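Report on the structure given below.
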Amino acid sequence: MTDEEIDVFRRAHFVPHEGICPIVPVGFIIHDSDHFFTVIFDFDARRAHVLGRHTSSDAIKAGRRDTDDWNQWKGPEYWRHIAALHHWDAGEVTDISVTSLDWIQNGVDCGPIACSVLEQFIDTGFDENGHIPSFPIPCGHQIRIQMLHVIAGRIKTSCSDYLMLLDSAPDSWTADIPGEDIINNIQNGRYHAECHELLRRITVVSSTCSQCRRPVPPQNDEHTLKSGEDGNGAPLYQDTVDAELSDDEDEPGTDLPADRRATLSKLNKRFSRPTAPPSLAAYAGRRWLQDDRTFDDYEGGPTIEMLIAPRDINLTTTFHTRGIQLSTTWVNWVDHGYRITPSSFHIFYQCDPISTMAHIMPIGTTDSYDPSNQVPDHVTGEYSLQRQGSTQRGQRTEVTDVEIISASSLVDSAQDDPPLHEECRFGHNAFVRGHASHGFSDGPALYVDLERDAVKFTEDEIETSVDIDSIIWTTKVFRCRGSVGIYITPPFQMKPGIFKHNHTYVDITIPQSEEDANASGGRMEWLSKRFPMSAIPHACLGRISSASSTLSLYIAFPRMIHQHPVNGRRITLIPKETLDIFWDRVLLPSIGDCTDVSWAPYLKQTLEEARYKARGGDGRKGGWSAPKTIPLSDDDFRDVQERMETRIRDGDRELSMFGSLFFILEGKGIKLLTKDGQRGRFSGPEEALRRNLPDLDWSYMMNRRHGELLVDVGISFTPHSPDVPVVGVWRLDALEASFGAGGYKRGEMHHHNTLSRYGALQAEMQQERSQQTHIAFRSTYNLYYESIRTNSNKASFASDSDAYKLSPSYMTECFEIAKVIDGCKGKTYGVRDEYRVSGHAARIILDNIDEKAGEYLRSDPVLWIPSKIWFELIRRRVREIQRTQISIVKKNPPNLGILTGLLNHMLRSTTSTPIVYDFHVRESLALLEYRNVLETAGMFFLQDFDLASDTCLEEVQQIDDVNVLALMGANAKSRRDRAVEKMGACQSTELELQDYPLGRTPTWARLKAAIASSPAIIMRPWSWSPRFSNTELSVGRLIIMFTRHMWLMLTPEVFKGIRPHPNSLQEAMRCWTITSVDDTLAAVTFEACNAGLHDRTGITPGRMGPRSKAFADRCSLFFPDAGASNKDKAQWSVLWDADGYIAEFHRMMKTRDEDQQALLKQGLCDVFSHLHCLPASAARVWTQKNDAIIFITNPAFYRIDCIGRGAESYRRAPKARRAMKLIKGKRIFAADLMDSQPFDSDGNLRRRTERQKRREFNRKMTMAKKNKRVPPPPRPCKARPFPMDVIVEEDEQMDID
């Protein structure tokens, strides 16, 4: 080694040019015989440590016996060269002690492992005995990801440095200069894309690697690399077999405390089931298809332990100029080990249907059942007061506080329907409160009995119609007679195609345990679980279209089944990134492999090409419309399926998540194609289905060896009533009895228009009974729903926030519903009963349904009521609820959001049975005893609703909390605060009320309640003080860091606004105002602070509890000294680390003398004393109560003089008389104006404003027209006389060069 080479090395590696370097250990990696291993030279101890030289057990044993191994990889030469580079004395190489530490490796990851071992040694060094400490050996995938994090960023930074220094390049750059193509790739982003793709591949493989998914043990673990250890020193892990495999998602509210769940349970009360289902003999036949070990890849997949292993994922790859995102898609949407079997698609036994007709429309009521008696005994008083078992005739009760009324009488009692701005006491009492109106006073409570308006029909007067409404076919190999259209790009979807439970299941084999996977002889565990089809990730692959219908073809990927890590719900909407991989690497290449050469010009070879050609006229890609399809015949598509399977197998773990795929064919809304053989054209619904959908191979689909075919058979009952149009509604007590007699589960009951005794019922059949009868699901509903049913079958209505603001959309929706319902009074609507059954059971039902339907009708399960009465009942209820909403918005009570949620729920229930997602509505219904009101009134009413009271309804929450206000939208909080101010106990003059909302001397209890409910009222607004402009820069920097780091600790789920990130002291202090905190967090509660609260005599009256710290003293909690006790607390410790603001504070303190330290602390205390509020920190940084984060408010901002003893603070100040409001609000006036005039569509068009006309004109303009350049208008030319004689004065002359 020449002196020039030594000089270049020392200069390049920052080794001192002159003198001898301090002797320290030197570590490096050697590449010898296609193998990397780590070497560490300790020149001080004359010892060489060789780590990972041998990888197999035989080589390890041979290496221990081979004393010349040190010379084989030229160890003495490396020793001399390193000593020469550092000007150390190499000495005699014969007296060097060589220590080998070997462990078994896989022969592939030796390079990353060597890097990891060297990195860990550099971090830790030798132990106290001068030996190599114990090191954990991570999986090679994780090491490669970490290396990519560092190298990718370093290359990008080095490229920037290289380009800056290129003009004055040193002489040593003459060799190995990168080419222009490499530089261009780094600059134009291609390098970034390559790193992104490489990171994705490694992450996907790592997510399915059992070694990666195991937690890396600590360095003191017994299964780590140890000095002198024989055999395998790689870490071993304890098996954890338990995996979370939850069933269907729980309904909202199931995670509540027990007392609140008990309150909500009052909403669910059912009718009795007097008749037991028919008994079935124990099944002894064949249940499922024969297992086939070649049907799927059952060996070598992920194990069940990997489902619950923690995932330590670095969210970004570090670039010094730009970040590359690590998508969670690469981690979550991978192969989780689930597999399918030949019987996975079958939910029924492999037999002919057993006793199917005995479970179709069974009669569950007894002979004594009277369908016209729908009024409970506790309303009529027809029950005895004698003790149970007494033989004496009991004394009957006389009920006088309830008036039983028919629907027609209820409508008549409301009298006229005035405009919405006028009060209608009779309508409000009848349809909202459920009370009679007697003159100027309210009468007794009402019970609505629809049976008094019933219309009777004989069996012959009711027409029975049969049809097939939908089909669902699940199969492994899809076949058809015609062609299927395959999308060339993934369709854009906001939710999965099968987004809700369709009562169809797939039996999935769960992953095997690691012990079973490592056992000899192959897999022995075959545990399976039934998953709802909607819980399996799937995507729309194509469609089968005809002139009359469109069938959707979905492709499902059961291996990607997983749950959300936070809420535990199944995630089935496959992200775009995963679908792009499937289309680009599996589907499109498979189609290209299976088509003729003549098809090549019309095929899209890559997804990028397909998306480029799918651009719109404006150049934008994608959109809401369905993508273009390519038609494939049955033979071609079967070849494509085989090619897809091959490509997935060849892709190994990178594409293994797409394995075990199967297909789902779904056809909805085809009842009119099959209704009674399409009105006689065919012999029946089955033939109509076959003839109208000829592209399907029905014989192949009916063969259960190929999959499971489910068919919805529907039976409709419609009376012939030309003179009096009627509406049919199911009697719920008869339905409940029928479902019980058929062996169905409890299911879901729907109360139409909140009526207690009428509605619909849906339920699955008990599993064992279903597997024999081939009946999966039964659904009954009323056909009057078709009058307001949308094309998408999604119940949509104006939101609660629209009703809260009386927005135009809310008013328009109410008017449109009323108009649509008013137009349905001349039509007849029947009822419907549907069964989801197998294809073979459908044939049995279609052949025997007529006799069964007639027998069921004779049990009288349906109430027939005149359409005019039914729809007028709904219309008038919509009208009065809307009128009540307008009234409470005018009144503006403090619980306006709570009342709006209740009224809007009642409004939605008039046309559908909405799911109550908002907890405050569920809780309000429970507090109002929803079920008891239904039983005692026949319909849900707000019986104690009083517009004259402060809060209108005493039983519900009296003031809107932050969760309700968040749902009500912008300005709701200020509106609530105004309402609370209006009803405050200590009202004074307007000036007094503004300065002292609770009076000058409120009690401590009242102050705490006010701070908890409405802190904005009791606290003065925060404002920036100019004196902080001269604050020391170090103080401002620490406050900014403190604010950023505190908010950074919170998870994204707790925010409803933007996470604060201040850049100045003023912004940082504003982040701690109650307004900013309330706007930032989804749930927050404020508490009062008793520091410094005392009366004029210096005494603090009232029981205030332990004295709190003043805000200036709280500075020591958030900026503690170096020896503070909270250093070891779990939440505080991260802030004491090198990057935490507390660590930065301590570093500042170390660089200052005592006087400067005192000034720094005093500056921090001054800032803290002027903060509006702070987290209620103690042992924890953030504390919470009932899922709300607790904040302590600053007493310096309280709008009080001092704490009072009680009597003085409750004196009411004189109420300021406000001027009477003369003019209505704009929205109320617009609604009344619309309501007072007949609907005129042409007139509405004529009354559009100029702004509306301009917006509609611009909307119709094309992009080319909008972007067309318009030349400027010509300038006006003025006639000027031609100057004949121009005299230029001497001082006005111009010099010309």
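Chain labels A, B, ... are given in the sequence in which chains occur in the structure tokens; within each chain residues are numbered consecutively from 1, and ligands are likewise numbered from 1 in the order shown.
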Original post:
DSSP says helix (DSSP H, G or I) for which residues of segment 128-171 of chain A? Put them as number ranges by chain?
Top reply: A: 140-165, 171
**OP:** Just the residues within 9 Å of segment 1083-1093 of chain A, please, counting only C-alpha atoms, with nothing from its chain fewer than 3 positions along; format it as a PyMOL selection string.
**Re:** chain A and resi 962-963+1004+1007-1015+1054-1056+1074+1077-1078+1098-1100+1104-1111+1173+1176+1184-1185+1187-1196+1201-1203
Subject >> Who sits within 9 Å of Pro894 of chain A, only C-alpha atoms, same chain under 2 positions skipped, as JSON, numbers by chain >> reply: {"A": [892, 896, 897, 950, 951, 958, 959, 960, 975, 976, 977, 978, 979, 980, 981, 982, 983]}
Subject >> atom CA of Asn373 of chain A to atom CA of Ala760 of chain A, distance in Å rounded to a single decimal >> reply: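 Going from atom CA of Asn373 of chain A over to atom CA of Ala760 of chain A covers 18.7 Å.
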Original post:
In Å, with one decimal, what is the gap from atom CA of His538 of chain A to atom CA of Ser699 of chain A?
Top reply: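 These atoms are spaced 25.8 Å apart.
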**OP:** Do a neighbour search on Arg287 of chain A at 10 Å with only C-alpha atoms, toss out local chain neighbours closer than 5 positions, and write the hits as JSON, numbers by chain.
**Re:** {"A": [343, 346, 347, 348, 349, 350, 351, 771, 772]}
**OP:** For Pro342 of chain A, please output as a ChimeraX atom specification all residues within 12 Å (counting only C-alpha atoms; exclusion window: fewer than 6 positions along the same chain).
**Re:** /A:288-296,474-477,506-509,660,662,704-708
Subject >> segment 622-821 of chain A: residues DSSP assigns to strand (DSSP E or B), reported as a ChimeraX atom specification >> reply: /A:629-633,662-667,707-719,726-731,744,748-751,755,758-765,775-782
Original post:
How far is it from atom CA of Gly1036 of chain A to atom CA of Lys1161 of chain A, in Å with one decimal?
Top reply: 11.9 Å
Subject >> Contacts of Leu857 of chain A within 9 Å, only C-alpha atoms, excl. fewer than 4 positions in-chain, as a list in words >> reply: Glu459, Ile462, Phe717, Lys852, Ala853, Pro861 and Val862 of chain A
